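**Q** Structure supplied as entry28.cif; contents: mmCIF, C-alpha atoms.
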data_my_file
loop_
_atom_site.label_atom_id
_atom_site.label_comp_id
_atom_site.auth_asym_id
_atom_site.auth_seq_id
_atom_site.Cartn_x
_atom_site.Cartn_y
_atom_site.Cartn_z
CA MET A 1 62.04 107.44 53.14
CA THR A 2 63.24 104.74 50.74
CA ARG A 3 60.71 103.88 48.06
CA ARG A 4 59.94 100.24 47.40
CA CYS A 5 58.50 98.55 44.34
CA ARG A 6 54.70 98.38 44.42
CA GLY A 7 54.94 94.78 43.23
CA CYS A 8 57.90 93.02 44.83
CA SER A 9 58.87 95.51 47.57
CA LYS A 10 62.48 95.71 46.40
CA THR A 11 64.26 99.07 46.31
CA ALA A 12 65.79 98.61 42.85
CA LEU A 13 63.82 101.40 41.15
CA VAL A 14 65.01 103.55 38.26
CA SER A 15 63.28 106.56 36.73
CA VAL A 16 62.20 106.00 33.11
CA LEU A 17 59.84 108.96 32.55
CA ASP A 18 59.69 112.26 34.43
CA LEU A 19 57.12 114.90 33.50
CA GLY A 20 58.11 117.25 36.27
CA SER A 21 55.22 119.03 37.99
CA VAL A 22 51.84 118.99 36.24
CA PRO A 23 48.18 119.46 37.20
CA ALA A 24 46.27 116.67 38.90
CA ALA A 25 44.70 114.62 36.13
CA ASP A 26 41.45 114.07 37.99
CA HIS A 27 40.66 117.56 39.28
CA PHE A 28 38.72 119.80 36.89
CA PRO A 29 38.24 123.28 38.42
CA PRO A 30 35.13 125.41 37.77
CA ARG A 31 35.37 127.31 34.50
CA ASP A 32 35.60 130.73 36.15
CA ALA A 33 38.04 129.72 38.90
CA PRO A 34 41.37 131.53 38.42
CA VAL A 35 44.33 129.38 37.44
CA ALA A 36 46.38 129.14 40.64
CA ASP A 37 50.18 129.05 40.57
CA THR A 38 50.10 125.83 42.60
CA GLU A 39 47.63 124.07 40.30
CA SER A 40 50.39 122.53 38.20
CA GLY A 41 52.49 121.51 41.19
CA HIS A 42 52.03 117.76 41.32
CA PRO A 43 55.11 115.63 40.50
CA LEU A 44 54.50 112.92 37.91
CA ARG A 45 57.15 110.26 37.30
CA MET A 46 57.27 106.65 36.15
CA ASP A 47 59.77 104.31 37.79
CA GLN A 48 60.58 100.75 36.81
CA CYS A 49 61.74 97.95 39.07
CA THR A 50 64.89 96.27 37.82
CA VAL A 51 63.99 93.11 39.76
CA CYS A 52 60.39 92.31 38.74
CA GLY A 53 60.10 94.71 35.80
CA LEU A 54 56.97 96.51 36.99
CA ALA A 55 56.62 100.06 35.65
CA GLN A 56 54.85 102.20 38.23
CA LEU A 57 53.82 105.63 39.40
CA ALA A 58 56.58 106.95 41.63
CA ASP A 59 54.46 109.07 43.96
CA ASP A 60 50.98 110.57 44.04
CA ASP A 61 50.18 113.60 46.19
CA THR A 62 46.74 114.13 44.61
CA VAL A 63 43.60 113.40 46.58
CA THR A 64 40.73 114.32 44.27
CA SER A 65 38.50 111.94 42.34
CA GLU A 66 37.78 112.20 38.65
CA PRO A 67 34.25 113.08 37.50
CA HIS A 68 32.64 110.05 35.91
CA GLY A 69 33.04 110.04 32.17
CA ILE A 70 30.78 108.51 29.58
CA GLU A 71 31.92 105.00 28.68
CA PRO A 72 32.98 105.10 25.02
CA GLN A 73 31.25 102.83 22.52
CA ALA A 74 34.66 101.42 21.57
CA LEU A 75 35.10 100.16 25.13
CA ARG A 76 31.63 98.61 25.20
CA ASP A 77 32.20 96.92 21.84
CA GLN A 78 35.54 95.53 22.98
CA ALA A 79 33.99 94.16 26.18
CA ALA A 80 31.34 92.31 24.19
CA GLU A 81 33.97 90.86 21.86
CA ALA A 82 36.14 89.82 24.81
CA VAL A 83 33.31 87.94 26.51
CA ARG A 84 32.45 86.26 23.21
CA LEU A 85 36.03 85.06 22.75
CA VAL A 86 36.42 83.89 26.34
CA HIS A 87 33.16 81.96 26.13
CA ALA A 88 34.17 80.39 22.82
CA ALA A 89 37.44 79.26 24.40
CA GLY A 90 35.55 77.39 27.11
CA VAL A 91 37.01 79.50 29.90
CA LEU A 92 33.66 80.62 31.35
CA ARG A 93 32.63 77.88 33.75
CA GLY A 94 30.35 77.88 36.76
CA SER A 95 27.57 80.30 37.62
CA THR A 96 28.87 83.13 39.82
CA VAL A 97 30.84 86.28 38.97
CA THR A 98 32.55 89.04 40.91
CA GLU A 99 33.72 92.26 39.27
CA PHE A 100 36.43 94.60 40.53
CA GLY A 101 35.33 97.86 38.97
CA SER A 102 37.35 100.71 37.55
CA PRO A 103 36.95 104.40 38.45
CA HIS A 104 36.47 104.96 34.73
CA GLY A 105 33.13 103.15 34.85
CA GLY A 106 31.71 100.39 32.69
CA THR A 107 30.80 96.83 33.64
CA TRP A 108 30.88 93.37 32.10
CA LEU A 109 28.24 91.97 34.45
CA PRO A 110 25.31 92.24 31.97
CA LEU A 111 27.42 90.40 29.38
CA LEU A 112 28.12 87.58 31.83
CA ALA A 113 24.44 87.47 32.81
CA GLU A 114 23.67 86.54 29.22
CA HIS A 115 25.72 83.39 29.82
CA GLY A 116 23.86 82.50 33.01
CA PHE A 117 26.16 84.10 35.58
CA THR A 118 24.85 85.90 38.65
CA GLU A 119 26.79 88.41 40.70
CA ASN A 120 28.40 86.99 43.81
CA ILE A 121 28.53 89.28 46.84
CA ALA A 122 30.00 86.89 49.41
CA GLY A 123 32.78 84.33 49.05
CA PRO A 124 34.88 83.30 46.04
CA ALA A 125 33.30 83.38 42.57
CA ASP A 126 33.71 81.14 39.53
CA VAL A 127 34.64 84.13 37.35
CA VAL A 128 36.37 87.26 38.62
CA LEU A 129 36.59 90.31 36.34
CA ASP A 130 39.07 93.17 36.40
CA CYS A 131 38.99 95.52 33.43
CA PHE A 132 41.54 98.33 33.96
CA GLY A 133 40.81 98.26 37.70
CA ILE A 134 43.94 96.75 39.25
CA MET A 135 46.16 99.59 37.98
CA HIS A 136 44.46 101.86 40.55
CA GLU A 137 45.79 99.85 43.51
CA PRO A 138 48.76 101.58 45.21
CA ASP A 139 49.95 98.26 46.67
CA GLN A 140 50.00 95.94 43.69
CA ARG A 141 51.00 92.82 45.62
CA VAL A 142 48.01 93.23 47.95
CA GLY A 143 45.71 94.05 45.04
CA PHE A 144 46.48 90.78 43.27
CA ALA A 145 46.23 88.81 46.52
CA VAL A 146 42.72 90.19 47.05
CA ARG A 147 41.66 89.21 43.54
CA ALA A 148 43.15 85.75 43.95
CA ALA A 149 41.19 85.28 47.18
CA ALA A 150 38.00 86.33 45.37
CA THR A 151 38.50 83.59 42.75
CA ALA A 152 37.15 80.10 43.46
CA ALA A 153 39.66 77.24 43.61
CA ASP A 154 38.74 76.07 40.11
CA GLY A 155 37.62 79.50 38.89
CA VAL A 156 39.16 81.98 36.48
CA LEU A 157 40.40 85.53 36.94
CA LEU A 158 40.11 87.71 33.84
CA VAL A 159 42.45 90.72 33.85
CA GLN A 160 42.50 93.33 31.10
CA TYR A 161 45.28 95.91 30.89
CA HIS A 162 46.78 98.56 28.63
CA SER A 163 50.04 97.03 27.48
CA LEU A 164 53.31 98.72 28.49
CA ALA A 165 54.74 97.41 25.23
CA THR A 166 52.09 99.40 23.36
CA ILE A 167 52.73 102.50 25.47
CA VAL A 168 56.44 102.35 24.61
CA ALA A 169 56.14 101.33 20.96
CA GLN A 170 53.57 104.06 20.21
CA GLY A 171 55.10 106.72 22.42
CA GLN A 172 51.99 107.00 24.60
CA TRP A 173 53.82 108.86 27.36
CA ASN A 174 50.63 110.59 28.50
CA ALA A 175 49.23 107.24 29.63
CA LEU A 176 51.20 108.14 32.76
CA ARG A 177 48.84 109.89 35.18
CA HIS A 178 48.05 110.31 38.82
CA GLY A 179 45.95 107.50 40.24
CA HIS A 180 47.34 104.92 37.77
CA PHE A 181 49.88 103.13 39.93
CA ALA A 182 51.06 100.37 37.54
CA TYR A 183 51.82 99.92 33.82
CA TYR A 184 52.03 96.27 32.89
CA SER A 185 54.16 94.07 30.77
CA LEU A 186 53.09 90.43 30.58
CA THR A 187 56.43 89.54 32.13
CA ALA A 188 55.78 91.66 35.23
CA LEU A 189 52.19 90.49 35.48
CA ARG A 190 53.18 86.83 35.53
CA THR A 191 55.54 87.59 38.42
CA LEU A 192 52.78 89.39 40.35
CA LEU A 193 50.33 86.58 39.71
CA ARG A 194 52.79 83.86 40.75
CA ALA A 195 53.24 85.69 44.05
CA ALA A 196 49.46 85.40 44.47
CA GLY A 197 49.56 81.67 43.69
CA MET A 198 48.13 81.98 40.19
CA SER A 199 49.34 81.54 36.62
CA VAL A 200 48.33 82.78 33.18
CA ILE A 201 46.82 80.13 30.92
CA THR A 202 45.93 82.13 27.81
CA ALA A 203 45.52 85.66 26.48
CA TRP A 204 43.75 87.75 23.84
CA GLU A 205 44.88 91.00 22.20
CA PHE A 206 42.65 93.93 21.22
CA GLU A 207 43.23 97.18 19.31
CA LEU A 208 41.64 99.34 22.02
CA TYR A 209 43.97 102.18 23.14
CA GLY A 210 46.45 101.00 20.53
CA GLY A 211 46.92 97.63 22.21
CA THR A 212 45.28 96.01 25.22
CA VAL A 213 45.54 92.46 26.52
CA LEU A 214 43.07 90.21 28.35
CA LEU A 215 44.53 87.41 30.46
CA ALA A 216 42.81 84.28 31.75
CA VAL A 217 44.38 83.25 35.05
CA ARG A 218 43.91 80.21 37.31
CA HIS A 219 45.10 79.11 40.73
CA GLY A 220 48.14 76.86 40.75
CA ASP A 221 50.99 76.27 38.36
CA HIS A 222 49.73 75.85 34.78
CA ALA A 223 51.61 75.80 31.51
CA PRO A 224 50.48 78.70 29.29
CA ASP A 225 49.37 78.17 25.71
CA ALA A 226 51.25 79.38 22.63
CA THR A 227 49.50 82.77 22.66
CA VAL A 228 51.22 83.71 25.90
CA GLY A 229 54.63 82.77 24.49
CA GLU A 230 54.00 84.89 21.40
CA LEU A 231 53.04 87.90 23.51
CA LEU A 232 56.16 87.55 25.63
CA ALA A 233 58.34 87.42 22.53
CA ASN A 234 56.61 90.37 20.88
CA GLU A 235 56.91 92.66 23.89
CA ALA A 236 60.62 92.01 24.44
CA ASP A 237 61.89 94.68 22.01
CA SER A 238 59.65 97.43 23.38
CA LEU A 239 60.53 96.65 26.97
CA SER A 240 64.21 97.10 26.22
CA CYS A 241 63.69 100.82 25.55
CA VAL A 242 61.12 102.03 28.08
CA ASP A 243 63.30 105.03 28.89
CA GLY A 244 62.85 106.16 25.27
CA LEU A 245 59.47 107.56 26.33
CA GLN A 246 61.24 110.60 27.77
CA GLN A 247 62.41 111.67 24.32
CA THR A 248 58.87 111.47 23.02
CA VAL A 249 57.51 113.99 25.52
CA ASP A 250 59.30 117.11 24.28
CA ARG A 251 58.62 116.18 20.67
CA HIS A 252 54.88 115.74 21.28
CA VAL A 253 54.49 118.89 23.38
CA ARG A 254 56.47 120.99 20.90
CA ALA A 255 54.51 119.64 17.92
CA LEU A 256 51.16 120.46 19.53
CA ARG A 257 52.26 123.96 20.55
CA THR A 258 53.56 124.67 17.04
CA TRP A 259 50.30 123.48 15.49
CA LEU A 260 48.17 125.54 17.86
CA GLU A 261 50.23 128.66 17.25
CA ALA A 262 49.99 128.18 13.48
CA GLY A 263 46.22 127.88 13.74
CA ALA A 264 46.01 131.05 15.82
CA ALA A 265 48.22 132.93 13.35
CA GLU A 266 45.87 131.93 10.53
CA GLY A 267 42.84 133.06 12.50
CA GLN A 268 41.37 129.55 12.78
CA ARG A 269 38.72 128.67 15.34
CA VAL A 270 40.44 125.71 17.01
CA TYR A 271 38.66 123.45 19.50
CA ALA A 272 39.30 119.99 20.92
CA TYR A 273 37.14 117.02 21.85
CA GLY A 274 37.86 114.83 24.88
CA ALA A 275 38.63 116.31 28.31
CA ALA A 276 40.41 113.06 29.11
CA SER A 277 42.87 112.60 31.93
CA ARG A 278 45.63 111.86 29.43
CA ALA A 279 45.07 115.28 27.82
CA VAL A 280 45.65 117.15 31.08
CA ALA A 281 49.46 117.01 31.19
CA LEU A 282 49.78 117.51 27.42
CA LEU A 283 47.68 120.68 27.25
CA SER A 284 49.26 122.12 30.37
CA MET A 285 52.85 121.39 29.29
CA ALA A 286 52.13 122.91 25.87
CA GLY A 287 51.11 126.16 27.56
CA THR A 288 47.63 125.98 26.09
CA HIS A 289 45.26 128.91 26.66
CA ARG A 290 42.04 130.26 25.18
CA GLY A 291 43.95 132.25 22.61
CA LEU A 292 45.19 128.98 21.11
CA LEU A 293 42.38 126.56 21.98
CA ALA A 294 38.91 128.03 22.41
CA GLY A 295 37.40 125.07 24.25
CA VAL A 296 37.41 121.31 24.83
CA ALA A 297 34.13 119.45 24.33
CA ASP A 298 33.23 116.43 26.42
CA ALA A 299 30.09 114.33 26.77
CA SER A 300 30.45 114.03 30.55
CA PRO A 301 28.06 116.39 32.35
CA GLY A 302 30.41 116.29 35.34
CA LYS A 303 33.16 118.00 33.33
CA GLN A 304 31.05 120.53 31.42
CA GLY A 305 31.25 123.93 33.03
CA CYS A 306 34.76 123.22 34.26
CA ARG A 307 38.09 123.98 32.62
CA MET A 308 41.13 121.95 31.70
CA PRO A 309 43.48 121.82 34.71
CA GLY A 310 46.41 124.21 34.55
CA THR A 311 44.81 126.21 31.72
CA ASP A 312 41.95 128.66 31.22
CA VAL A 313 40.47 126.51 28.44
CA PRO A 314 36.77 125.80 29.17
CA ILE A 315 35.13 122.41 28.90
CA ILE A 316 31.93 122.61 26.88
CA SER A 317 29.21 120.24 25.70
CA PRO A 318 29.21 118.57 22.26
CA ALA A 319 26.21 120.75 21.33
CA GLU A 320 28.20 123.88 22.21
CA LEU A 321 31.07 122.61 20.07
CA VAL A 322 28.84 122.25 17.02
CA ALA A 323 27.27 125.67 17.65
CA ALA A 324 30.74 127.25 17.78
CA ASP A 325 31.28 126.16 14.15
CA PRO A 326 35.01 125.43 14.60
CA ASP A 327 37.44 125.31 11.70
CA VAL A 328 39.25 122.30 13.17
CA VAL A 329 38.68 119.97 16.12
CA LEU A 330 41.57 118.15 17.79
CA LEU A 331 40.51 114.70 19.01
CA THR A 332 42.54 113.86 22.11
CA LEU A 333 41.43 110.19 22.15
CA PRO A 334 41.71 108.53 18.72
CA ASP A 335 39.57 105.57 19.85
CA LEU A 336 36.58 107.93 20.00
CA PHE A 337 36.70 108.91 16.33
CA THR A 338 34.13 106.46 14.98
CA GLU A 339 31.67 107.27 17.75
CA VAL A 340 31.98 111.06 17.85
CA SER A 341 32.17 111.55 14.10
CA ALA A 342 28.91 109.60 13.75
CA ALA A 343 27.29 111.59 16.57
CA LEU A 344 28.49 114.96 15.26
CA PRO A 345 28.14 114.80 11.43
CA ALA A 346 28.21 118.60 11.23
CA LEU A 347 31.95 118.41 11.98
CA ASP A 348 32.82 116.10 9.09
CA GLY A 349 36.13 117.06 7.51
CA ARG A 350 37.28 119.12 10.49
CA TRP A 351 38.74 116.39 12.71
CA MET A 352 42.43 116.27 13.57
CA ILE A 353 43.85 113.35 15.57
CA ASP A 354 46.34 114.09 18.33
CA ASP A 355 49.69 112.55 17.41
CA GLN A 356 53.17 112.85 18.92
CA ALA A 357 54.51 114.06 15.57
CA GLY A 358 51.81 116.71 15.33
CA PRO A 359 48.02 116.61 14.81
CA ARG A 360 47.05 114.67 11.68
CA ARG A 361 44.00 114.94 9.49
CA ARG A 362 41.35 112.24 9.79
#
Transcribe the structure of this file into structure tokens.

**A**
Amino acid sequence: MTRRCRGCSKTALVSVLDLGSVPAADHFPPRDAPVADTESGHPLRMDQCTVCGLAQLADDDTVTSEPHGIEPQALRDQAAEAVRLVHAAGVLRGSTVTEFGSPHGGTWLPLLAEHGFTENIAGPADVVLDCFGIMHEPDQRVGFAVRAAATAADGVLLVQYHSLATIVAQGQWNALRHGHFAYYSLTALRTLLRAAGMSVITAWEFELYGGTVLLAVRHGDHAPDATVGELLANEADSLSCVDGLQQTVDRHVRALRTWLEAGAAEGQRVYAYGAASRAVALLSMAGTHRGLLAGVADASPGKQGCRMPGTDVPIISPAELVAADPDVVLLTLPDLFTEVSAALPALDGRWMIDDQAGPRRR
């Protein structure tokens, strides 16, 4: 069957990143369940459409749902700052709001309530929110059409996304995962939104995940402000070398394996923090096992008592991590550092940040 672009339905798709077969990023087996040979048998590839530019998940044969994680403080702080900036710009008008949620949890509704908005459960709303939600829609064209229909004629759609330009520039190849069907450039997003009868009017950038963008979108044809033009210009260089992500994979996997083996040779007690979906492919591809990594701590009760997919490495609680008295702790999500280091002061001086060139001291 011929594959078509999830955005424009054209068949002009090229592969830009292929991780082969890896474990499902959202299925965490029980700790004592044996590691099955088929567990790492899910193809994971990113294609890009040469017509509309949308980078996308090629196929997804996984059917499980990820245990709910604990929303990081960094994400909550960024949401509050985003609402503050949008309000200051005069974009928040009206009194009703609809939110398209994300499987990763979190909500902006309480923040909008502080500005007098009430949740709308029927009909178009004055403000429609989508924070990292639209990427989970297999049919992107339909997903944007639904959000456009949910937005009142003179309302605003707010869309936040992890920038493809950031993913490429920082070598964040493990942002590719099952269940995430699209990876956005502003260029591709404007095309998707135009197809839904909407246009971008302004944008804000944030440091979250290395670089995220929030767009304000309205019905009709509107000229964007200078911020949008600057973003388009800045992303151009990164978008010209999306296929460079493939070279980053082997380097990152090899660097982590080398570091883990060195720690084991020195007799270090090595643990990690963050049983995140983006750590699944990395740890599996690096051939990680308990002899190299004794455990991965995570604050989510739904993941504790499980193991990292494709490995025998157990997922433990933060309290168990502290009790284990590790020599070093690899942080798989750098954005968590401020929060977890404050919550776990006993681990001061032991943190290492995952990096494609090899774990680095923090």

**Q** Considering all atoms listed in the file, return as a list in words whatever protein or nucleic-acid residues lie within 12 Å of stretch 75-77 of chain A, sequence-local ones (same chain, fewer than 4 positions apart) excluded.

**A**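 So, after excluding close chain neighbours, the residues are Ile70, Glu71, Glu81, Ala82, Val83, Arg84, His104, Gly105, Gly106, Thr107, Trp108, Leu109, Pro110, Leu111, Cys131, Phe132, Gln160, Phe206, Glu207, Leu208, Tyr209, Thr212, Asp335, Leu336, Thr338 and Glu339 of chain A.
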
**Q** Considering all atoms listed in the file, can you say which of A:Arg4, A:His162, A:His222, A:Arg177 comes closest to A:Ser199?

**A**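 For A:Ser199, the nearest of the given residues is A:His222.
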
**Q** Step by step, work through what the PyMOL selection byres ((chain A and resi 322) around 10) selects in the shown file, and finish by giving those residues as a ChimeraX atom specification.

**A** /A:297,317-321,323-326,344-347

**Q** Need the shell around A:Thr187: protein/DNA/RNA residues with any atom at most 12 Å away, counting only C-alpha atoms. Skip same-chain ones fewer than 5 positions apart. Format as a PDB file with C-alpha atoms, in the frame of the given file?

**A**
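Result saved to out_31.pdb:
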ATOM      1  CA  VAL A  51      63.990  93.110  39.760  1.00  0.00           C
ATOM      2  CA  CYS A  52      60.390  92.310  38.740  1.00  0.00           C
ATOM      3  CA  GLY A  53      60.100  94.710  35.800  1.00  0.00           C
ATOM      4  CA  LEU A  54      56.970  96.510  36.990  1.00  0.00           C
ATOM      5  CA  ALA A  55      56.620 100.060  35.650  1.00  0.00           C
ATOM      6  CA  SER A 163      50.040  97.030  27.480  1.00  0.00           C
ATOM      7  CA  LEU A 164      53.310  98.720  28.490  1.00  0.00           C
ATOM      8  CA  ALA A 165      54.740  97.410  25.230  1.00  0.00           C
ATOM      9  CA  LEU A 192      52.780  89.390  40.350  1.00  0.00           C
ATOM     10  CA  LEU A 193      50.330  86.580  39.710  1.00  0.00           C
ATOM     11  CA  ARG A 194      52.790  83.860  40.750  1.00  0.00           C
ATOM     12  CA  SER A 199      49.340  81.540  36.620  1.00  0.00           C
ATOM     13  CA  VAL A 200      48.330  82.780  33.180  1.00  0.00           C
ATOM     14  CA  VAL A 228      51.220  83.710  25.900  1.00  0.00           C
ATOM     15  CA  GLY A 229      54.630  82.770  24.490  1.00  0.00           C
ATOM     16  CA  GLU A 230      54.000  84.890  21.400  1.00  0.00           C
ATOM     17  CA  LEU A 231      53.040  87.900  23.510  1.00  0.00           C
ATOM     18  CA  LEU A 232      56.160  87.550  25.630  1.00  0.00           C
ATOM     19  CA  ALA A 233      58.340  87.420  22.530  1.00  0.00           C
ATOM     20  CA  ASN A 234      56.610  90.370  20.880  1.00  0.00           C
ATOM     21  CA  GLU A 235      56.910  92.660  23.890  1.00  0.00           C
ATOM     22  CA  ALA A 236      60.620  92.010  24.440  1.00  0.00           C
ATOM     23  CA  LEU A 239      60.530  96.650  26.970  1.00  0.00           C
TER      24      LEU A 239
END

**Q** Using only C-alpha atoms, which of the listed residues (A:Ala203, A:Ala188, A:Leu19, A:Leu282) sits closest to A:Gln140?

**A**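 Comparing A:Ala203, A:Ala188, A:Leu19, A:Leu282 against A:Gln140, the winner is A:Ala188.
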
**Q** For the structure shown, which residues end up in the PyMOL selection byres ((chain A and resi 256-268) around 9)? Put them as a PDB file with C-alpha atoms, keeping the file's coordinate frame, please?

**A**
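Full text of selection-v6.pdb as output:
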ATOM      1  CA  ARG A 251      58.620 116.180  20.670  1.00  0.00           C
ATOM      2  CA  HIS A 252      54.880 115.740  21.280  1.00  0.00           C
ATOM      3  CA  VAL A 253      54.490 118.890  23.380  1.00  0.00           C
ATOM      4  CA  ARG A 254      56.470 120.990  20.900  1.00  0.00           C
ATOM      5  CA  ALA A 255      54.510 119.640  17.920  1.00  0.00           C
ATOM      6  CA  ARG A 269      38.720 128.670  15.340  1.00  0.00           C
ATOM      7  CA  VAL A 270      40.440 125.710  17.010  1.00  0.00           C
ATOM      8  CA  LEU A 282      49.780 117.510  27.420  1.00  0.00           C
ATOM      9  CA  LEU A 283      47.680 120.680  27.250  1.00  0.00           C
ATOM     10  CA  ALA A 286      52.130 122.910  25.870  1.00  0.00           C
ATOM     11  CA  GLY A 287      51.110 126.160  27.560  1.00  0.00           C
ATOM     12  CA  THR A 288      47.630 125.980  26.090  1.00  0.00           C
ATOM     13  CA  GLY A 291      43.950 132.250  22.610  1.00  0.00           C
ATOM     14  CA  LEU A 292      45.190 128.980  21.110  1.00  0.00           C
ATOM     15  CA  LEU A 293      42.380 126.560  21.980  1.00  0.00           C
ATOM     16  CA  PRO A 326      35.010 125.430  14.600  1.00  0.00           C
ATOM     17  CA  ASP A 327      37.440 125.310  11.700  1.00  0.00           C
ATOM     18  CA  VAL A 328      39.250 122.300  13.170  1.00  0.00           C
ATOM     19  CA  ASP A 354      46.340 114.090  18.330  1.00  0.00           C
ATOM     20  CA  ASP A 355      49.690 112.550  17.410  1.00  0.00           C
ATOM     21  CA  GLN A 356      53.170 112.850  18.920  1.00  0.00           C
ATOM     22  CA  ALA A 357      54.510 114.060  15.570  1.00  0.00           C
ATOM     23  CA  GLY A 358      51.810 116.710  15.330  1.00  0.00           C
ATOM     24  CA  PRO A 359      48.020 116.610  14.810  1.00  0.00           C
TER      25      PRO A 359
END

**Q** When the PyMOL selection byres ((chain A and resi 275-279) around 9) is applied to the structure above, which residues does it catch, written out as a ChimeraX atom specification?

**A** /A:24-26,66,69,173-178,272-274,280-284,296-300,303,307-308,315,332-333

**Q** Can you work out the spacing between atom CA of A:Ala122 and atom CA of A:Pro103 in Å, to one decimal?

**A**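 Calculated distance between atom CA of A:Ala122 and atom CA of A:Pro103 is 21.8 Å.
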
**Q** Quick one: distance from atom CA of A:Asp130 to atom CA of A:Leu157 in Å, one decimal?

**A**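 A separation of 7.8 Å between them.
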
**Q** Can you pull out the residues contacting stretch 39-50 of chain A? Cut-off 6 Å, using all atoms listed in the file, and skip same-chain residues under 6 positions away; I want them as a list in words.

**A** Ala12, Leu13, Val14, Ser15, Val16, Leu17, Asp18, Leu19, Gly20, Ser21, Val22, Pro23, Gln56, Leu57, Ala58 and Gly310 of chain A

**Q** Quick one: distance from atom CA of A:Val86 to atom CA of A:Val127 in Å, one decimal?

**A** 11.2 Å

**Q** Between A:Met135, A:Val128, A:Cys5, A:Ala33, single out the one closest to A:Thr151, counting all atoms listed in the file.

**A**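 Nearest to A:Thr151: A:Val128.
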